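Shown next: structure-v1.pdb, containing PDB, C-alpha atoms.
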ATOM      1  CA  MET A   1       0.000   0.000   0.000  1.00  0.00           C
ATOM      2  CA  ALA A   2       1.501   3.317  -1.096  1.00  0.00           C
ATOM      3  CA  ARG A   3       1.360   6.133   1.416  1.00  0.00           C
ATOM      4  CA  THR A   4       3.018   9.435   2.302  1.00  0.00           C
ATOM      5  CA  ILE A   5       5.790   8.986   4.869  1.00  0.00           C
ATOM      6  CA  GLU A   6       6.599  12.680   5.440  1.00  0.00           C
ATOM      7  CA  PRO A   7       5.865  13.752   9.055  1.00  0.00           C
ATOM      8  CA  ASP A   8       2.301  15.054   9.430  1.00  0.00           C
ATOM      9  CA  CYS A   9       3.170  18.360  11.092  1.00  0.00           C
ATOM     10  CA  ARG A  10       5.788  19.102   8.462  1.00  0.00           C
ATOM     11  CA  GLN A  11       3.131  18.755   5.758  1.00  0.00           C
ATOM     12  CA  CYS A  12       0.894  21.307   7.494  1.00  0.00           C
ATOM     13  CA  ARG A  13       3.787  23.750   7.846  1.00  0.00           C
ATOM     14  CA  ARG A  14       4.691  23.333   4.181  1.00  0.00           C
ATOM     15  CA  GLU A  15       1.154  24.192   3.082  1.00  0.00           C
ATOM     16  CA  GLY A  16       0.847  27.033   5.585  1.00  0.00           C
ATOM     17  CA  CYS A  17      -2.426  25.824   7.089  1.00  0.00           C
ATOM     18  CA  LYS A  18      -3.825  23.134   9.355  1.00  0.00           C
ATOM     19  CA  LEU A  19      -4.612  19.928   7.458  1.00  0.00           C
ATOM     20  CA  PHE A  20      -5.842  18.187  10.637  1.00  0.00           C
ATOM     21  CA  LEU A  21      -3.652  15.138  10.049  1.00  0.00           C
ATOM     22  CA  LYS A  22      -3.137  14.379  13.754  1.00  0.00           C
ATOM     23  CA  GLY A  23      -6.682  14.596  15.054  1.00  0.00           C
ATOM     24  CA  GLU A  24      -7.240  16.336  18.393  1.00  0.00           C
ATOM     25  CA  ARG A  25      -3.614  17.482  18.637  1.00  0.00           C
ATOM     26  CA  CYS A  26      -4.325  19.910  15.787  1.00  0.00           C
ATOM     27  CA  THR A  27      -6.831  21.790  17.973  1.00  0.00           C
ATOM     28  CA  THR A  28      -4.416  22.289  20.881  1.00  0.00           C
ATOM     29  CA  LYS A  29      -1.393  24.501  21.510  1.00  0.00           C
ATOM     30  CA  LYS A  30       0.831  21.510  20.720  1.00  0.00           C
ATOM     31  CA  CYS A  31      -0.053  21.884  17.033  1.00  0.00           C
ATOM     32  CA  ALA A  32       3.016  22.728  14.948  1.00  0.00           C
ATOM     33  CA  MET A  33       1.096  25.500  13.176  1.00  0.00           C
ATOM     34  CA  GLU A  34       0.582  27.161  16.549  1.00  0.00           C
ATOM     35  CA  ARG A  35       4.166  26.731  17.741  1.00  0.00           C
ATOM     36  CA  ARG A  36       6.101  27.300  14.529  1.00  0.00           C
ATOM     37  CA  PRO A  37       3.979  28.395  11.562  1.00  0.00           C
ATOM     38  CA  VAL A  38       6.816  28.682   9.038  1.00  0.00           C
ATOM     39  CA  ILE A  39       7.838  26.639   6.027  1.00  0.00           C
ATOM     40  CA  PRO A  40      10.122  23.695   7.016  1.00  0.00           C
ATOM     41  CA  GLY A  41      13.844  23.958   6.398  1.00  0.00           C
ATOM     42  CA  GLN A  42      16.676  26.227   7.471  1.00  0.00           C
ATOM     43  CA  HIS A  43      15.327  29.076   5.331  1.00  0.00           C
ATOM     44  CA  GLY A  44      11.773  28.732   6.571  1.00  0.00           C
ATOM     45  CA  ASN A  45      11.573  32.125   8.253  1.00  0.00           C
ATOM     46  CA  SER A  46      12.878  33.972   5.209  1.00  0.00           C
ATOM     47  CA  ARG A  47      10.404  32.191   2.918  1.00  0.00           C
ATOM     48  CA  ARG A  48       7.317  33.055   4.974  1.00  0.00           C
ATOM     49  CA  ARG A  49       6.230  35.902   2.694  1.00  0.00           C
ATOM     50  CA  VAL A  50       7.125  34.258  -0.601  1.00  0.00           C
ATOM     51  CA  THR A  51       4.726  35.007  -3.454  1.00  0.00           C
ATOM     52  CA  PHE A  52       3.886  32.215  -5.853  1.00  0.00           C
ATOM     53  CA  SER A  53       3.493  32.387  -9.594  1.00  0.00           C
ATOM     54  CA  GLU A  54       0.179  31.308 -11.112  1.00  0.00           C
ATOM     55  CA  TYR A  55       1.541  27.791 -11.614  1.00  0.00           C
ATOM     56  CA  GLY A  56       2.983  27.774  -8.085  1.00  0.00           C
ATOM     57  CA  SER A  57      -0.374  28.679  -6.557  1.00  0.00           C
ATOM     58  CA  GLN A  58      -2.094  25.928  -8.526  1.00  0.00           C
ATOM     59  CA  LEU A  59       0.517  23.375  -7.508  1.00  0.00           C
ATOM     60  CA  ARG A  60       0.337  24.309  -3.823  1.00  0.00           C
ATOM     61  CA  GLU A  61      -3.449  23.982  -3.834  1.00  0.00           C
ATOM     62  CA  LYS A  62      -3.225  20.528  -5.392  1.00  0.00           C
ATOM     63  CA  GLN A  63      -0.576  19.421  -2.889  1.00  0.00           C
ATOM     64  CA  LYS A  64      -2.678  20.743  -0.001  1.00  0.00           C
ATOM     65  CA  VAL A  65      -5.743  18.710  -1.010  1.00  0.00           C
ATOM     66  CA  LYS A  66      -3.699  15.565  -1.700  1.00  0.00           C
ATOM     67  CA  ARG A  67      -2.078  15.760   1.717  1.00  0.00           C
ATOM     68  CA  MET A  68      -5.345  16.553   3.462  1.00  0.00           C
ATOM     69  CA  TYR A  69      -7.053  13.436   2.116  1.00  0.00           C
ATOM     70  CA  GLY A  70      -3.958  11.222   2.018  1.00  0.00           C
ATOM     71  CA  VAL A  71      -4.127  10.619  -1.734  1.00  0.00           C
ATOM     72  CA  LEU A  72      -1.083  10.165  -3.971  1.00  0.00           C
ATOM     73  CA  GLU A  73      -0.644  11.737  -7.410  1.00  0.00           C
ATOM     74  CA  LYS A  74      -1.768   8.863  -9.664  1.00  0.00           C
ATOM     75  CA  GLN A  75      -5.037   8.329  -7.839  1.00  0.00           C
ATOM     76  CA  PHE A  76      -5.671  12.058  -7.486  1.00  0.00           C
ATOM     77  CA  ARG A  77      -5.269  12.473 -11.235  1.00  0.00           C
ATOM     78  CA  GLU A  78      -7.763   9.650 -11.771  1.00  0.00           C
ATOM     79  CA  TYR A  79     -10.320  11.500  -9.637  1.00  0.00           C
ATOM     80  CA  TYR A  80      -9.856  14.568 -11.841  1.00  0.00           C
ATOM     81  CA  GLU A  81     -10.267  12.544 -15.048  1.00  0.00           C
ATOM     82  CA  GLU A  82     -13.374  10.812 -13.714  1.00  0.00           C
ATOM     83  CA  ALA A  83     -14.830  14.167 -12.590  1.00  0.00           C
ATOM     84  CA  GLU A  84     -14.203  15.604 -16.054  1.00  0.00           C
ATOM     85  CA  ARG A  85     -16.283  12.826 -17.625  1.00  0.00           C
ATOM     86  CA  MET A  86     -19.200  13.456 -15.263  1.00  0.00           C
ATOM     87  CA  LYS A  87     -21.983  15.976 -15.830  1.00  0.00           C
ATOM     88  CA  GLY A  88     -21.717  19.204 -13.866  1.00  0.00           C
ATOM     89  CA  VAL A  89     -18.817  21.308 -12.612  1.00  0.00           C
ATOM     90  CA  THR A  90     -15.539  19.364 -12.752  1.00  0.00           C
ATOM     91  CA  GLY A  91     -14.076  20.824  -9.544  1.00  0.00           C
ATOM     92  CA  GLU A  92     -17.189  20.081  -7.515  1.00  0.00           C
ATOM     93  CA  ASN A  93     -17.421  16.587  -8.984  1.00  0.00           C
ATOM     94  CA  MET A  94     -13.818  15.906  -8.033  1.00  0.00           C
ATOM     95  CA  LEU A  95     -14.316  16.978  -4.420  1.00  0.00           C
ATOM     96  CA  SER A  96     -17.482  14.877  -4.225  1.00  0.00           C
ATOM     97  CA  LEU A  97     -15.574  11.791  -5.422  1.00  0.00           C
ATOM     98  CA  ILE A  98     -12.800  12.301  -2.874  1.00  0.00           C
ATOM     99  CA  GLU A  99     -15.319  12.889  -0.064  1.00  0.00           C
ATOM    100  CA  ARG A 100     -16.962   9.557  -0.940  1.00  0.00           C
ATOM    101  CA  ARG A 101     -13.802   7.591  -0.161  1.00  0.00           C
ATOM    102  CA  LEU A 102     -14.516   5.074   2.578  1.00  0.00           C
ATOM    103  CA  ASP A 103     -11.685   6.284   4.818  1.00  0.00           C
ATOM    104  CA  ASN A 104     -13.012   9.855   4.582  1.00  0.00           C
ATOM    105  CA  VAL A 105     -16.582   8.712   5.300  1.00  0.00           C
ATOM    106  CA  VAL A 106     -15.371   6.862   8.396  1.00  0.00           C
ATOM    107  CA  TYR A 107     -13.585  10.065   9.459  1.00  0.00           C
ATOM    108  CA  ARG A 108     -16.639  12.236   8.814  1.00  0.00           C
ATOM    109  CA  MET A 109     -18.749   9.869  10.921  1.00  0.00           C
ATOM    110  CA  GLY A 110     -16.375  10.453  13.831  1.00  0.00           C
ATOM    111  CA  ILE A 111     -15.174   6.859  14.091  1.00  0.00           C
ATOM    112  CA  GLY A 112     -11.527   7.978  14.001  1.00  0.00           C
ATOM    113  CA  ALA A 113      -9.726  11.157  15.053  1.00  0.00           C
ATOM    114  CA  SER A 114      -7.961  11.702  11.713  1.00  0.00           C
ATOM    115  CA  ARG A 115      -8.161  10.477   8.136  1.00  0.00           C
ATOM    116  CA  SER A 116      -4.911   8.527   8.528  1.00  0.00           C
ATOM    117  CA  GLN A 117      -6.301   6.733  11.578  1.00  0.00           C
ATOM    118  CA  CYS A 118      -9.516   5.978   9.689  1.00  0.00           C
ATOM    119  CA  ARG A 119      -7.500   4.663   6.772  1.00  0.00           C
ATOM    120  CA  GLN A 120      -5.815   2.250   9.171  1.00  0.00           C
ATOM    121  CA  ILE A 121      -9.177   1.227  10.651  1.00  0.00           C
ATOM    122  CA  VAL A 122     -10.429   0.367   7.157  1.00  0.00           C
ATOM    123  CA  ASN A 123      -7.193  -1.418   6.224  1.00  0.00           C
ATOM    124  CA  HIS A 124      -7.466  -3.634   9.290  1.00  0.00           C
ATOM    125  CA  GLY A 125     -10.906  -4.809   8.220  1.00  0.00           C
ATOM    126  CA  HIS A 126     -12.903  -3.179  11.038  1.00  0.00           C
ATOM    127  CA  ILE A 127     -15.491  -1.625   8.698  1.00  0.00           C
ATOM    128  CA  THR A 128     -18.350  -3.238   6.764  1.00  0.00           C
ATOM    129  CA  VAL A 129     -20.359  -1.820   3.862  1.00  0.00           C
ATOM    130  CA  ASN A 130     -23.822  -3.316   3.472  1.00  0.00           C
ATOM    131  CA  GLY A 131     -22.808  -6.153   5.783  1.00  0.00           C
ATOM    132  CA  LYS A 132     -19.628  -7.084   3.881  1.00  0.00           C
ATOM    133  CA  ARG A 133     -16.119  -6.362   5.144  1.00  0.00           C
ATOM    134  CA  VAL A 134     -14.316  -3.773   3.023  1.00  0.00           C
ATOM    135  CA  ASN A 135     -10.621  -3.085   3.619  1.00  0.00           C
ATOM    136  CA  ILE A 136     -10.004  -0.710   0.705  1.00  0.00           C
ATOM    137  CA  PRO A 137      -9.717   2.932   1.893  1.00  0.00           C
ATOM    138  CA  SER A 138     -10.416   4.311  -1.612  1.00  0.00           C
ATOM    139  CA  TYR A 139     -13.697   2.394  -1.958  1.00  0.00           C
ATOM    140  CA  LEU A 140     -16.356   4.863  -3.155  1.00  0.00           C
ATOM    141  CA  VAL A 141     -19.598   4.712  -1.207  1.00  0.00           C
ATOM    142  CA  LYS A 142     -23.032   5.182  -2.825  1.00  0.00           C
ATOM    143  CA  VAL A 143     -26.322   6.613  -1.620  1.00  0.00           C
ATOM    144  CA  GLY A 144     -28.045   4.079   0.618  1.00  0.00           C
ATOM    145  CA  ASP A 145     -24.869   2.234   1.643  1.00  0.00           C
ATOM    146  CA  VAL A 146     -24.851   1.147   5.277  1.00  0.00           C
ATOM    147  CA  ILE A 147     -21.483   1.675   6.976  1.00  0.00           C
ATOM    148  CA  ALA A 148     -20.848  -0.143  10.247  1.00  0.00           C
ATOM    149  CA  ILE A 149     -18.124  -1.243  12.594  1.00  0.00           C
ATOM    150  CA  LYS A 150     -17.748  -5.002  12.328  1.00  0.00           C
ATOM    151  CA  GLU A 151     -19.706  -6.735  15.109  1.00  0.00           C
ATOM    152  CA  ASN A 152     -16.774  -8.671  16.539  1.00  0.00           C
ATOM    153  CA  LYS A 153     -14.707  -5.457  16.702  1.00  0.00           C
ATOM    154  CA  GLN A 154     -17.226  -3.241  18.494  1.00  0.00           C
ATOM    155  CA  GLU A 155     -15.871  -4.154  21.921  1.00  0.00           C
ATOM    156  CA  LEU A 156     -12.426  -2.779  21.126  1.00  0.00           C
ATOM    157  CA  GLU A 157     -11.594   0.091  23.469  1.00  0.00           C
ATOM    158  CA  GLY A 158     -11.566   2.788  20.791  1.00  0.00           C
ATOM    159  CA  PHE A 159     -14.978   1.802  19.452  1.00  0.00           C
ATOM    160  CA  LYS A 160     -16.586   1.290  22.870  1.00  0.00           C
ATOM    161  CA  ALA A 161     -15.746   4.905  23.676  1.00  0.00           C
ATOM    162  CA  LEU A 162     -17.980   6.029  20.779  1.00  0.00           C
ATOM    163  CA  LYS A 163     -21.161   4.569  22.235  1.00  0.00           C
ATOM    164  CA  GLY A 164     -23.659   7.227  23.247  1.00  0.00           C
ATOM    165  CA  LEU A 165     -21.556  10.144  21.987  1.00  0.00           C
ATOM    166  CA  LYS A 166     -23.093  13.016  20.052  1.00  0.00           C
ATOM    167  CA  ILE A 167     -21.072  13.543  16.884  1.00  0.00           C
ATOM    168  CA  VAL A 168     -21.445  16.478  14.517  1.00  0.00           C
ATOM    169  CA  MET A 169     -21.227  15.348  10.911  1.00  0.00           C
ATOM    170  CA  PRO A 170     -22.219  16.523   7.412  1.00  0.00           C
ATOM    171  CA  LYS A 171     -25.901  16.343   6.515  1.00  0.00           C
ATOM    172  CA  TRP A 172     -25.262  13.737   3.803  1.00  0.00           C
ATOM    173  CA  LEU A 173     -24.302  11.207   6.483  1.00  0.00           C
ATOM    174  CA  GLU A 174     -25.855   9.727   9.581  1.00  0.00           C
ATOM    175  CA  PHE A 175     -24.263   7.585  12.285  1.00  0.00           C
ATOM    176  CA  ASP A 176     -25.931   5.966  15.289  1.00  0.00           C
ATOM    177  CA  THR A 177     -23.393   5.774  18.110  1.00  0.00           C
ATOM    178  CA  ASN A 178     -25.520   3.243  19.981  1.00  0.00           C
ATOM    179  CA  THR A 179     -25.472   0.643  17.198  1.00  0.00           C
ATOM    180  CA  LEU A 180     -22.231   1.947  15.618  1.00  0.00           C
ATOM    181  CA  THR A 181     -23.964   1.932  12.266  1.00  0.00           C
ATOM    182  CA  GLY A 182     -24.275   4.736   9.727  1.00  0.00           C
ATOM    183  CA  LYS A 183     -25.801   5.396   6.340  1.00  0.00           C
ATOM    184  CA  ILE A 184     -25.080   7.461   3.227  1.00  0.00           C
ATOM    185  CA  LEU A 185     -28.123   9.732   2.866  1.00  0.00           C
ATOM    186  CA  ALA A 186     -27.010  11.635  -0.246  1.00  0.00           C
ATOM    187  CA  LEU A 187     -23.982  12.403  -2.362  1.00  0.00           C
ATOM    188  CA  PRO A 188     -21.794  15.177  -0.902  1.00  0.00           C
ATOM    189  CA  LYS A 189     -22.188  18.624  -2.457  1.00  0.00           C
ATOM    190  CA  ARG A 190     -19.727  21.509  -2.592  1.00  0.00           C
ATOM    191  CA  GLU A 191     -21.250  23.213   0.432  1.00  0.00           C
ATOM    192  CA  ASP A 192     -20.727  20.026   2.454  1.00  0.00           C
ATOM    193  CA  VAL A 193     -16.942  20.334   2.145  1.00  0.00           C
ATOM    194  CA  ASP A 194     -16.092  22.458   5.181  1.00  0.00           C
ATOM    195  CA  VAL A 195     -12.432  23.112   4.400  1.00  0.00           C
ATOM    196  CA  ASP A 196     -10.877  25.999   2.479  1.00  0.00           C
ATOM    197  CA  ILE A 197     -10.203  24.511  -0.955  1.00  0.00           C
ATOM    198  CA  LYS A 198      -9.904  26.467  -4.207  1.00  0.00           C
ATOM    199  CA  GLU A 199     -10.647  23.559  -6.519  1.00  0.00           C
ATOM    200  CA  GLN A 200     -10.644  25.761  -9.622  1.00  0.00           C
ATOM    201  CA  LEU A 201      -6.875  26.211  -9.251  1.00  0.00           C
ATOM    202  CA  ILE A 202      -6.436  22.426  -9.380  1.00  0.00           C
ATOM    203  CA  ILE A 203      -8.618  22.143 -12.476  1.00  0.00           C
ATOM    204  CA  GLU A 204      -6.611  24.879 -14.177  1.00  0.00           C
ATOM    205  CA  LEU A 205      -3.382  23.043 -13.349  1.00  0.00           C
ATOM    206  CA  TYR A 206      -4.555  19.746 -14.829  1.00  0.00           C
ATOM    207  CA  SER A 207      -6.043  21.518 -17.854  1.00  0.00           C
ATOM    208  CA  ARG A 208      -2.660  22.903 -18.944  1.00  0.00           C
TER     209      ARG A 208
END
Encoded form using structure tokens:
Amino acid sequence: MARTIEPDCRQCRREGCKLFLKGERCTTKKCAMERRPVIPGQHGNSRRRVTFSEYGSQLREKQKVKRMYGVLEKQFREYYEEAERMKGVTGENMLSLIERRLDNVVYRMGIGASRSQCRQIVNHGHITVNGKRVNIPSYLVKVGDVIAIKENKQELEGFKALKGLKIVMPKWLEFDTNTLTGKILALPKREDVDVDIKEQLIIELYSR
């Protein structure tokens, strides 16, 4: 399984914003963006106010989204190409496809503290889709799919702590913390993506 091995906090500092790669730590004063919000490297302080060219801005936006969702270049490009073939606005279609990844859905439902943790949960076979175990993080969910924590895994400490909690999640999802079962109510729309993403810059980059 291919994955990014660069330290999480270093990725946030490189993009100049919080990517929430380390869960709750990102909301505390321990967050690297709170302690040292400069670009990594010995020249980080001097590069703080660097201005990017048009291409540079497009590239940085693409890198930010890839790192946020934990997607590598080949797969990210495939999402763009698939979005381009779909009806509607390409940028919005692309974000909708990425949001529908199983690891992201598990994250949005509050099952894990970060997308990387949720990716590991899926990889270890703890999640079922419509009653069948799915261990592929990039699996794209559909409207009506039932997402659940596997029955024989629900007594694990991390999952037991979820029971009875009130979790805030996007309106296109629902998750019952008593049964540890959720459902896809609708496909995600642009307004459901609550992070600052300028998807048009990414489309312009790939359209070159």
Spell out the residues picked by the PyMOL selection byres ((chain A and resi 121-127) around 7) here, as an MDAnalysis selection string.
chainID A and resid 103 117:120 128:129 133:137 148:150 153
Kindly compute an axis-aligned box around the listed atoms of stretch 173-183 of chain A, allowing 6 Å on each side, and express its centre and edge lengths in Å to one decimal as AutoDock Vina command-line options.
--center_x -24.1 --center_y 5.9 --center_z 13.2 --size_x 15.7 --size_y 22.6 --size_z 25.6
What's the separation between atom CA of A:Asp194 and atom CA of A:Arg108, in Å to one decimal place?
10.9 Å
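You can rank A:Leu165, A:Met109, A:Leu72, A:Val143 by their closest distance to A:Ala186 using all atoms listed in the file, and at the top of that list sits A:Val143.
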Selection under test: the PyMOL selection byres ((chain A and resi 169) around 8); residues as a list in words:
Arg108, Met109, Gly110, Ile167, Val168, Pro170, Lys171, Leu173 and Glu174 of chain A
If I take atom CA of A:Arg101 and atom CA of A:Met68, how far is one from the other in Å, to one decimal?
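Atom CA of A:Arg101 sits 12.8 Å away from atom CA of A:Met68.
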Just say which residues the PyMOL selection byres ((chain A and resi 92) around 10) picks in this file, as a list in words.
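On the file shown, the PyMOL selection byres ((chain A and resi 92) around 10) covers Ala83, Gly88, Val89, Thr90, Gly91, Asn93, Met94, Leu95, Ser96, Leu97, Pro188, Lys189, Arg190, Glu191, Val193, Glu199 and Gln200 of chain A.
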Could you write out that same residue set with C-alpha atoms as a PDB file, in the frame of the given file?
ATOM      1  CA  ALA A  83     -14.830  14.167 -12.590  1.00  0.00           C
ATOM      2  CA  GLY A  88     -21.717  19.204 -13.866  1.00  0.00           C
ATOM      3  CA  VAL A  89     -18.817  21.308 -12.612  1.00  0.00           C
ATOM      4  CA  THR A  90     -15.539  19.364 -12.752  1.00  0.00           C
ATOM      5  CA  GLY A  91     -14.076  20.824  -9.544  1.00  0.00           C
ATOM      6  CA  ASN A  93     -17.421  16.587  -8.984  1.00  0.00           C
ATOM      7  CA  MET A  94     -13.818  15.906  -8.033  1.00  0.00           C
ATOM      8  CA  LEU A  95     -14.316  16.978  -4.420  1.00  0.00           C
ATOM      9  CA  SER A  96     -17.482  14.877  -4.225  1.00  0.00           C
ATOM     10  CA  LEU A  97     -15.574  11.791  -5.422  1.00  0.00           C
ATOM     11  CA  PRO A 188     -21.794  15.177  -0.902  1.00  0.00           C
ATOM     12  CA  LYS A 189     -22.188  18.624  -2.457  1.00  0.00           C
ATOM     13  CA  ARG A 190     -19.727  21.509  -2.592  1.00  0.00           C
ATOM     14  CA  GLU A 191     -21.250  23.213   0.432  1.00  0.00           C
ATOM     15  CA  VAL A 193     -16.942  20.334   2.145  1.00  0.00           C
ATOM     16  CA  GLU A 199     -10.647  23.559  -6.519  1.00  0.00           C
ATOM     17  CA  GLN A 200     -10.644  25.761  -9.622  1.00  0.00           C
TER      18      GLN A 200
END
What's the 9 Å shell around A:Phe159, counting all atoms listed in the file, without same-chain residues fewer than 3 positions away, as number ranges by chain?
A: 111-112, 149, 153-156, 162-163, 180
Would you output that residue set with C-alpha atoms, as a compact mmCIF listing (two decimals), in the frame of the given file?
# COMPACT_ATOMS: atom_id res chain seq x y z
CA ILE A 111 -15.17 6.86 14.09
CA GLY A 112 -11.53 7.98 14.00
CA ILE A 149 -18.12 -1.24 12.59
CA LYS A 153 -14.71 -5.46 16.70
CA GLN A 154 -17.23 -3.24 18.49
CA GLU A 155 -15.87 -4.15 21.92
CA LEU A 156 -12.43 -2.78 21.13
CA LEU A 162 -17.98 6.03 20.78
CA LYS A 163 -21.16 4.57 22.24
CA LEU A 180 -22.23 1.95 15.62
Which one of A:Leu205, A:Ala161, A:Leu102, A:Leu59 sits closest to A:Asp145 if you count only C-alpha atoms?
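That would be A:Leu102, the residue with the smallest distance to A:Asp145.
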Could you tell me how far atom CA of A:Asp192 lies from atom CA of A:Thr179, in Å and to one decimal?
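Computed distance, atom CA of A:Asp192 to atom CA of A:Thr179, equals 24.8 Å.
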My list of candidates is A:Phe52, A:Leu201, A:Tyr79, A:Gly158. Which is closest to A:Ala113 when distances are computed with only C-alpha atoms?
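Using only C-alpha atoms, A:Ala113 sits closest to A:Gly158.
Nearest to A:Ile184 of all the residues A:Arg208, A:Lys142, A:Lys66, A:Arg77 is A:Lys142, counting only C-alpha atoms.
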Reconstruct stretch 119-134 of chain A at the level of N, CA, C and O atoms, and format the result as a tab-separated table (two decimals), in the coordinates of the input.
chain	number	residue	atom	x	y	z
A	119	ARG	N	-8.03	5.51	7.84
A	119	ARG	CA	-7.50	4.66	6.77
A	119	ARG	C	-6.97	3.36	7.36
A	119	ARG	O	-7.17	2.28	6.80
A	120	GLN	N	-6.33	3.44	8.51
A	120	GLN	CA	-5.82	2.25	9.17
A	120	GLN	C	-6.96	1.36	9.67
A	120	GLN	O	-6.90	0.13	9.56
A	121	ILE	N	-8.01	1.98	10.19
A	121	ILE	CA	-9.18	1.23	10.65
A	121	ILE	C	-9.78	0.42	9.50
A	121	ILE	O	-10.12	-0.76	9.65
A	122	VAL	N	-9.89	1.06	8.33
A	122	VAL	CA	-10.43	0.37	7.16
A	122	VAL	C	-9.48	-0.73	6.71
A	122	VAL	O	-9.89	-1.87	6.43
A	123	ASN	N	-8.19	-0.43	6.65
A	123	ASN	CA	-7.19	-1.42	6.22
A	123	ASN	C	-7.20	-2.68	7.09
A	123	ASN	O	-6.96	-3.78	6.60
A	124	HIS	N	-7.48	-2.50	8.36
A	124	HIS	CA	-7.47	-3.63	9.29
A	124	HIS	C	-8.77	-4.43	9.27
A	124	HIS	O	-8.93	-5.38	10.05
A	125	GLY	N	-9.69	-4.04	8.39
A	125	GLY	CA	-10.91	-4.81	8.22
A	125	GLY	C	-11.95	-4.60	9.30
A	125	GLY	O	-12.79	-5.48	9.53
A	126	HIS	N	-11.95	-3.44	9.96
A	126	HIS	CA	-12.90	-3.18	11.04
A	126	HIS	C	-14.23	-2.61	10.54
A	126	HIS	O	-15.17	-2.46	11.33
A	127	ILE	N	-14.31	-2.29	9.24
A	127	ILE	CA	-15.49	-1.62	8.70
A	127	ILE	C	-16.22	-2.53	7.69
A	127	ILE	O	-15.59	-3.22	6.89
A	128	THR	N	-17.55	-2.51	7.75
A	128	THR	CA	-18.35	-3.24	6.76
A	128	THR	C	-19.20	-2.25	5.97
A	128	THR	O	-19.59	-1.20	6.48
A	129	VAL	N	-19.46	-2.60	4.72
A	129	VAL	CA	-20.36	-1.82	3.86
A	129	VAL	C	-21.46	-2.76	3.40
A	129	VAL	O	-21.18	-3.78	2.75
A	130	ASN	N	-22.67	-2.45	3.78
A	130	ASN	CA	-23.82	-3.32	3.47
A	130	ASN	C	-23.61	-4.75	3.97
A	130	ASN	O	-23.96	-5.72	3.30
A	131	GLY	N	-22.99	-4.86	5.15
A	131	GLY	CA	-22.81	-6.15	5.78
A	131	GLY	C	-21.57	-6.92	5.35
A	131	GLY	O	-21.27	-7.98	5.90
A	132	LYS	N	-20.83	-6.40	4.38
A	132	LYS	CA	-19.63	-7.08	3.88
A	132	LYS	C	-18.38	-6.30	4.27
A	132	LYS	O	-18.34	-5.08	4.15
A	133	ARG	N	-17.37	-7.02	4.74
A	133	ARG	CA	-16.12	-6.36	5.14
A	133	ARG	C	-15.42	-5.74	3.94
A	133	ARG	O	-15.26	-6.39	2.90
A	134	VAL	N	-15.04	-4.48	4.09
A	134	VAL	CA	-14.32	-3.77	3.02
A	134	VAL	C	-13.04	-3.20	3.64
A	134	VAL	O	-13.11	-2.45	4.61
